[in-house]
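J.: Okay, so here is protein07.cif, and as you'll see once you scroll down, it has mmCIF, C-alpha atoms.
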```cif
data_work
loop_
_atom_site.label_atom_id
_atom_site.label_comp_id
_atom_site.auth_asym_id
_atom_site.auth_seq_id
_atom_site.Cartn_x
_atom_site.Cartn_y
_atom_site.Cartn_z
CA MET S 4 -11.18 30.52 -79.61
CA ASN S 5 -11.36 30.05 -75.84
CA GLN S 6 -13.92 27.66 -74.46
CA SER S 7 -14.46 27.24 -70.74
CA ARG S 8 -16.06 23.81 -71.01
CA PRO S 9 -13.53 21.21 -69.80
CA LYS S 10 -12.01 19.26 -72.70
CA VAL S 11 -12.77 15.89 -71.07
CA LYS S 12 -16.48 16.67 -70.66
CA LYS S 13 -16.61 18.02 -74.19
CA SER S 14 -14.87 14.89 -75.47
CA ARG S 15 -17.43 12.64 -73.78
CA ALA S 16 -20.34 14.73 -75.04
CA LEU S 17 -19.09 14.49 -78.63
CA GLY S 18 -17.92 10.88 -78.42
CA ILE S 19 -14.31 11.60 -79.41
CA ALA S 20 -11.11 12.24 -77.42
CA LEU S 21 -9.99 15.81 -78.14
CA THR S 22 -6.76 15.66 -76.11
CA PRO S 23 -4.35 12.89 -75.02
CA LYS S 24 -5.52 13.43 -71.42
CA ALA S 25 -9.12 12.86 -72.49
CA VAL S 26 -8.30 9.45 -73.99
CA LYS S 27 -7.97 7.62 -70.64
CA TYR S 28 -11.02 9.34 -69.15
CA PHE S 29 -13.00 8.56 -72.26
CA GLU S 30 -12.04 4.88 -72.04
CA LYS S 31 -13.38 4.74 -68.47
CA ARG S 32 -16.58 6.65 -69.22
CA PRO S 33 -17.50 6.21 -72.88
CA TYR S 34 -20.85 7.95 -72.50
CA PRO S 35 -21.97 11.58 -72.35
CA PRO S 36 -21.40 13.53 -69.10
CA GLY S 37 -24.14 14.36 -66.64
CA GLU S 38 -26.75 12.53 -64.62
CA HIS S 39 -28.52 11.19 -67.71
CA GLY S 40 -25.42 10.49 -69.77
CA ARG S 41 -26.06 6.74 -69.96
CA GLY S 42 -29.76 7.02 -70.65
CA ARG S 43 -31.20 6.10 -74.03
CA LYS S 44 -31.78 9.11 -76.19
CA GLN S 45 -33.88 9.50 -79.30
CA ASN S 46 -31.73 10.81 -82.14
CA SER S 47 -33.41 12.66 -84.98
CA ASP S 48 -31.72 12.98 -88.39
CA TYR S 49 -31.10 16.64 -87.62
CA LYS S 50 -29.46 15.84 -84.28
CA VAL S 51 -27.18 13.21 -85.84
CA ARG S 52 -25.99 15.69 -88.49
CA LEU S 53 -25.61 18.48 -85.93
CA LEU S 54 -23.47 16.25 -83.68
CA GLU S 55 -21.23 15.27 -86.60
CA LYS S 56 -20.75 18.94 -87.49
CA GLN S 57 -19.89 19.75 -83.87
CA ARG S 58 -17.41 16.87 -83.74
CA LEU S 59 -15.61 18.16 -86.80
CA ARG S 60 -15.57 21.74 -85.47
CA ALA S 61 -14.17 20.54 -82.14
CA GLN S 62 -11.33 18.58 -83.72
CA TYR S 63 -10.09 21.75 -85.43
CA ASP S 64 -11.25 24.03 -82.57
CA ILE S 65 -12.87 26.51 -84.94
CA SER S 66 -15.88 28.80 -84.72
CA GLU S 67 -19.13 28.28 -86.60
CA ARG S 68 -18.31 31.22 -88.85
CA GLN S 69 -14.95 29.68 -89.79
CA MET S 70 -16.67 26.37 -90.48
CA VAL S 71 -19.23 28.00 -92.78
CA ARG S 72 -16.49 29.80 -94.69
CA ALA S 73 -14.58 26.54 -95.17
CA TYR S 74 -17.78 24.83 -96.35
CA ASP S 75 -18.47 27.63 -98.85
CA ARG S 76 -14.98 27.24 -100.29
CA ALA S 77 -15.34 23.45 -100.41
CA ARG S 78 -18.60 23.70 -102.38
CA LYS S 79 -16.72 25.40 -105.21
CA VAL S 80 -14.20 22.57 -105.55
CA THR S 81 -14.72 19.87 -108.18
CA GLY S 82 -15.43 16.52 -106.57
CA LYS S 83 -16.96 15.53 -103.24
CA THR S 84 -17.77 18.55 -101.07
CA GLY S 85 -17.26 16.62 -97.82
CA GLU S 86 -13.74 15.52 -98.72
CA ALA S 87 -12.90 19.01 -99.97
CA LEU S 88 -14.11 20.42 -96.63
CA ILE S 89 -11.81 18.18 -94.58
CA ILE S 90 -8.85 18.98 -96.85
CA GLU S 91 -9.64 22.69 -96.59
CA LEU S 92 -9.58 22.51 -92.77
CA GLU S 93 -6.45 20.38 -92.74
CA ARG S 94 -4.52 23.08 -94.60
CA ARG S 95 -4.95 25.48 -91.67
CA LEU S 96 -1.61 26.42 -90.13
CA ASP S 97 -2.56 25.34 -86.60
CA ALA S 98 -3.75 21.93 -87.84
CA LEU S 99 -0.47 21.28 -89.64
CA VAL S 100 1.59 22.44 -86.65
CA LEU S 101 -0.25 19.74 -84.68
CA ARG S 102 0.19 17.02 -87.34
CA SER S 103 3.91 17.75 -87.65
CA GLY S 104 4.54 16.97 -83.99
CA LEU S 105 5.45 20.53 -83.00
CA ALA S 106 2.44 20.64 -80.64
CA ARG S 107 0.63 18.14 -78.42
CA THR S 108 -2.93 19.36 -79.02
CA ILE S 109 -4.78 21.64 -81.42
CA TYR S 110 -5.14 24.10 -78.55
CA GLN S 111 -1.38 24.25 -78.02
CA ALA S 112 -0.79 24.55 -81.77
CA ARG S 113 -3.18 27.50 -81.96
CA GLN S 114 -1.43 29.19 -79.03
CA MET S 115 1.99 28.73 -80.66
CA VAL S 116 0.76 30.45 -83.81
CA VAL S 117 -1.11 33.27 -82.05
CA HIS S 118 1.91 34.08 -79.89
CA GLY S 119 4.06 34.59 -82.96
CA HIS S 120 6.35 31.56 -82.61
CA ILE S 121 5.71 30.22 -86.14
CA ALA S 122 6.98 31.42 -89.52
CA VAL S 123 5.90 30.39 -93.02
CA ASN S 124 8.50 30.79 -95.75
CA GLY S 125 10.55 32.93 -93.39
CA ARG S 126 7.76 35.34 -92.44
CA LYS S 127 5.98 35.39 -89.07
CA VAL S 128 2.36 34.28 -89.25
CA ASP S 129 0.13 34.69 -86.20
CA LYS S 130 -3.20 33.64 -87.73
CA PRO S 131 -4.13 30.01 -86.97
CA SER S 132 -6.51 30.03 -89.97
CA PHE S 133 -3.66 30.84 -92.40
CA ARG S 134 -3.96 28.40 -95.33
CA VAL S 135 -0.70 26.60 -96.05
CA ASN S 136 0.03 25.83 -99.71
CA PRO S 137 2.05 22.92 -101.13
CA GLU S 138 5.80 23.64 -101.00
CA ASP S 139 5.36 26.12 -98.12
CA VAL S 140 7.98 25.68 -95.40
CA VAL S 141 6.81 26.17 -91.81
CA GLU S 142 9.28 26.55 -88.94
CA VAL S 143 9.63 27.73 -85.38
CA ARG S 144 11.17 31.20 -85.34
CA GLU S 145 14.77 31.46 -84.17
CA ARG S 146 13.90 33.58 -81.12
CA SER S 147 11.39 30.95 -79.88
CA ARG S 148 13.42 27.77 -80.26
CA ALA S 149 14.82 27.75 -76.72
CA LYS S 150 11.33 27.79 -75.17
CA HIS S 151 10.37 24.63 -73.28
CA PRO S 152 7.55 23.38 -75.60
CA PHE S 153 9.88 23.46 -78.58
CA LEU S 154 12.67 21.68 -76.72
CA VAL S 155 10.13 18.93 -76.00
CA ALA S 156 8.99 18.91 -79.63
CA ARG S 157 12.59 18.63 -80.88
CA GLU S 158 13.01 15.43 -78.85
CA GLY S 159 9.82 13.99 -80.34
CA GLY S 160 7.78 14.54 -77.17
CA TYR S 161 4.63 15.52 -79.07
CA ALA S 162 5.00 13.19 -82.04
CA GLY S 163 2.84 10.57 -80.31
CA GLU S 164 2.37 7.04 -81.51
CA GLY S 165 0.84 7.84 -84.88
CA GLU S 166 2.82 8.20 -88.07
CA THR S 167 3.54 11.59 -89.59
CA PRO S 168 1.03 12.13 -92.43
CA ARG S 169 2.52 11.46 -95.85
CA TYR S 170 1.69 14.93 -97.12
CA LEU S 171 4.18 16.45 -94.65
CA GLN S 172 7.95 16.33 -94.70
CA VAL S 173 9.02 16.92 -91.10
CA ASN S 174 12.42 17.70 -89.56
CA LEU S 175 11.80 17.88 -85.82
CA GLU S 176 15.45 18.53 -85.05
CA ALA S 177 15.21 21.69 -87.16
CA LEU S 178 11.69 22.39 -85.79
CA ALA S 179 10.45 22.68 -89.36
CA PHE S 180 8.20 20.97 -91.87
CA ARG S 181 7.00 21.34 -95.44
CA LEU S 182 3.60 20.64 -96.95
CA ASP S 183 4.57 18.53 -99.96
CA ARG S 184 1.10 18.37 -101.51
CA ASP S 185 -2.58 18.65 -100.74
CA PRO S 186 -3.67 15.89 -98.33
CA ASN S 187 -5.95 13.05 -99.40
CA ARG S 188 -9.00 12.55 -97.19
CA SER S 189 -7.94 8.98 -96.33
CA GLU S 190 -4.65 10.29 -94.90
CA ILE S 191 -6.18 12.88 -92.56
CA PRO S 192 -6.55 11.56 -88.98
CA VAL S 193 -9.93 13.14 -88.30
CA ILE S 194 -12.94 11.16 -87.05
CA CYS S 195 -15.88 12.35 -89.08
CA ASP S 196 -18.60 11.25 -91.49
CA GLU S 197 -18.21 14.35 -93.62
CA GLN S 198 -21.27 13.54 -95.73
CA LEU S 199 -23.46 14.16 -92.67
CA VAL S 200 -21.78 17.56 -92.24
CA VAL S 201 -22.53 18.42 -95.88
CA GLU S 202 -26.15 17.35 -95.39
CA TYR S 203 -26.36 19.58 -92.28
CA TYR S 204 -25.30 22.68 -94.21
CA ALA S 205 -27.23 21.79 -97.36
CA ARG S 206 -30.55 21.45 -95.53
#
```
Can the structure from this file be put into structure tokens for me?
T.:
Amino acid sequence: MNQSRPKVKKSRALGIALTPKAVKYFEKRPYPPGEHGRGRKQNSDYKVRLLEKQRLRAQYDISERQMVRAYDRARKVTGKTGEALIIELERRLDALVLRSGLARTIYQARQMVVHGHIAVNGRKVDKPSFRVNPEDVVEVRERSRAKHPFLVAREGGYAGEGETPRYLQVNLEALAFRLDRDPNRSEIPVICDEQLVVEYYAR
């Protein structure tokens, strides 16, 4: 899903840093972009829910159609729909490639998958939306391991300062990880009030 809007501007518009580069810019200008970015704006209930939905979509870099499909699946799960939605999105292959430290951003993770560098249980998967199941083993394919991004990943260059989520067992040296179990919402490093997203789609 290619979007021409610069990531920094998009980050400021949504109120969240979508890339490591955006973090420092966002700290300097923590208000929306544009001439009227610092002006006071009236927020309706609809606008608040819409913004929250857009923030969630942006963090996984997915289309509206993909979001609706994930929401429809989440509605069928026993328990809180909002939490089920986040867990559903977190099981996407590109999201887990990011969490494991194999990629620096969700955009890079998506590119790695689309270009055929990633295998699940020994088979190449080039669909970022592929849903990873517990016990699935994800690894960089042998033919891709000498490429620069994966050499950086092997040295921990993308691991960042955050801890690896507990639902993943990661071996960066082997450029591989396993999803041990379904994530819990509290473990997923996504900034979102998912109840507002549910209210947006349930309206």
J.: Check what the PyMOL selection byres ((chain S and resi 139-152) around 6) selects in the file above and give those residues as a list in words.
T.: His120, Ile121, Ala122, Val123, Asn124, Asn136, Pro137, Glu138, Phe153, Leu154, Val155, Leu178, Ala179, Phe180, Arg181 and Leu182 of chain S
J.: Between S:Val117, S:Val193, S:Ala156, S:Ala87, single out the one closest to Glu176 of chain S, counting all atoms listed in the file.
T.: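 So, comparing all the options, the nearest one is S:Ala156.
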J.: Between S:Pro192, S:Gly18, S:Gly125, S:Pro131, single out the one closest to Gln57 of chain S, counting only C-alpha atoms.
T.: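 Looking only at the distances to Gln57 of chain S, the closest residue turns out to be S:Gly18.
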J.: Distance atom CA of Lys10 of chain S-atom CA of Thr22 of chain S, one decimal place?
T.: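 Rounded to one decimal, the two atoms are 7.2 Å apart.
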J.: Excluding Gly119 of chain S and any residue of its chain fewer than 3 positions from it, enumerate the residues within 8 Å of it, using all atoms listed in the file, and give them as a ChimeraX atom specification.
T.: /S:115-116,122,127-129
J.: Output C-alpha atoms for every residue in the selection just made, as a compact mmCIF listing (two decimals), in the coordinates of the input.
T.:
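Wrote it out as again_17.txt, contents follow:
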```txt
# COMPACT_ATOMS: atom_id res chain seq x y z
CA MET S 115 1.99 28.73 -80.66
CA VAL S 116 0.76 30.45 -83.81
CA ALA S 122 6.98 31.42 -89.52
CA LYS S 127 5.98 35.39 -89.07
CA VAL S 128 2.36 34.28 -89.25
CA ASP S 129 0.13 34.69 -86.20
```
J.: How close does segment 133-160 of chain S get to segment 90-102 of chain S? List, as CSV, each residue of segment 133-160 of chain S within 6 Å, its nearest atom pair and the distance in Å to one decimal, counting all atoms listed in the file.
T.:
```
residue,atom,partner,partner_atom,distance
S:Phe133,CA,S:Leu96,CA,5.4
S:Arg134,CA,S:Arg95,CA,4.8
S:Val135,CA,S:Arg94,CA,5.4
```
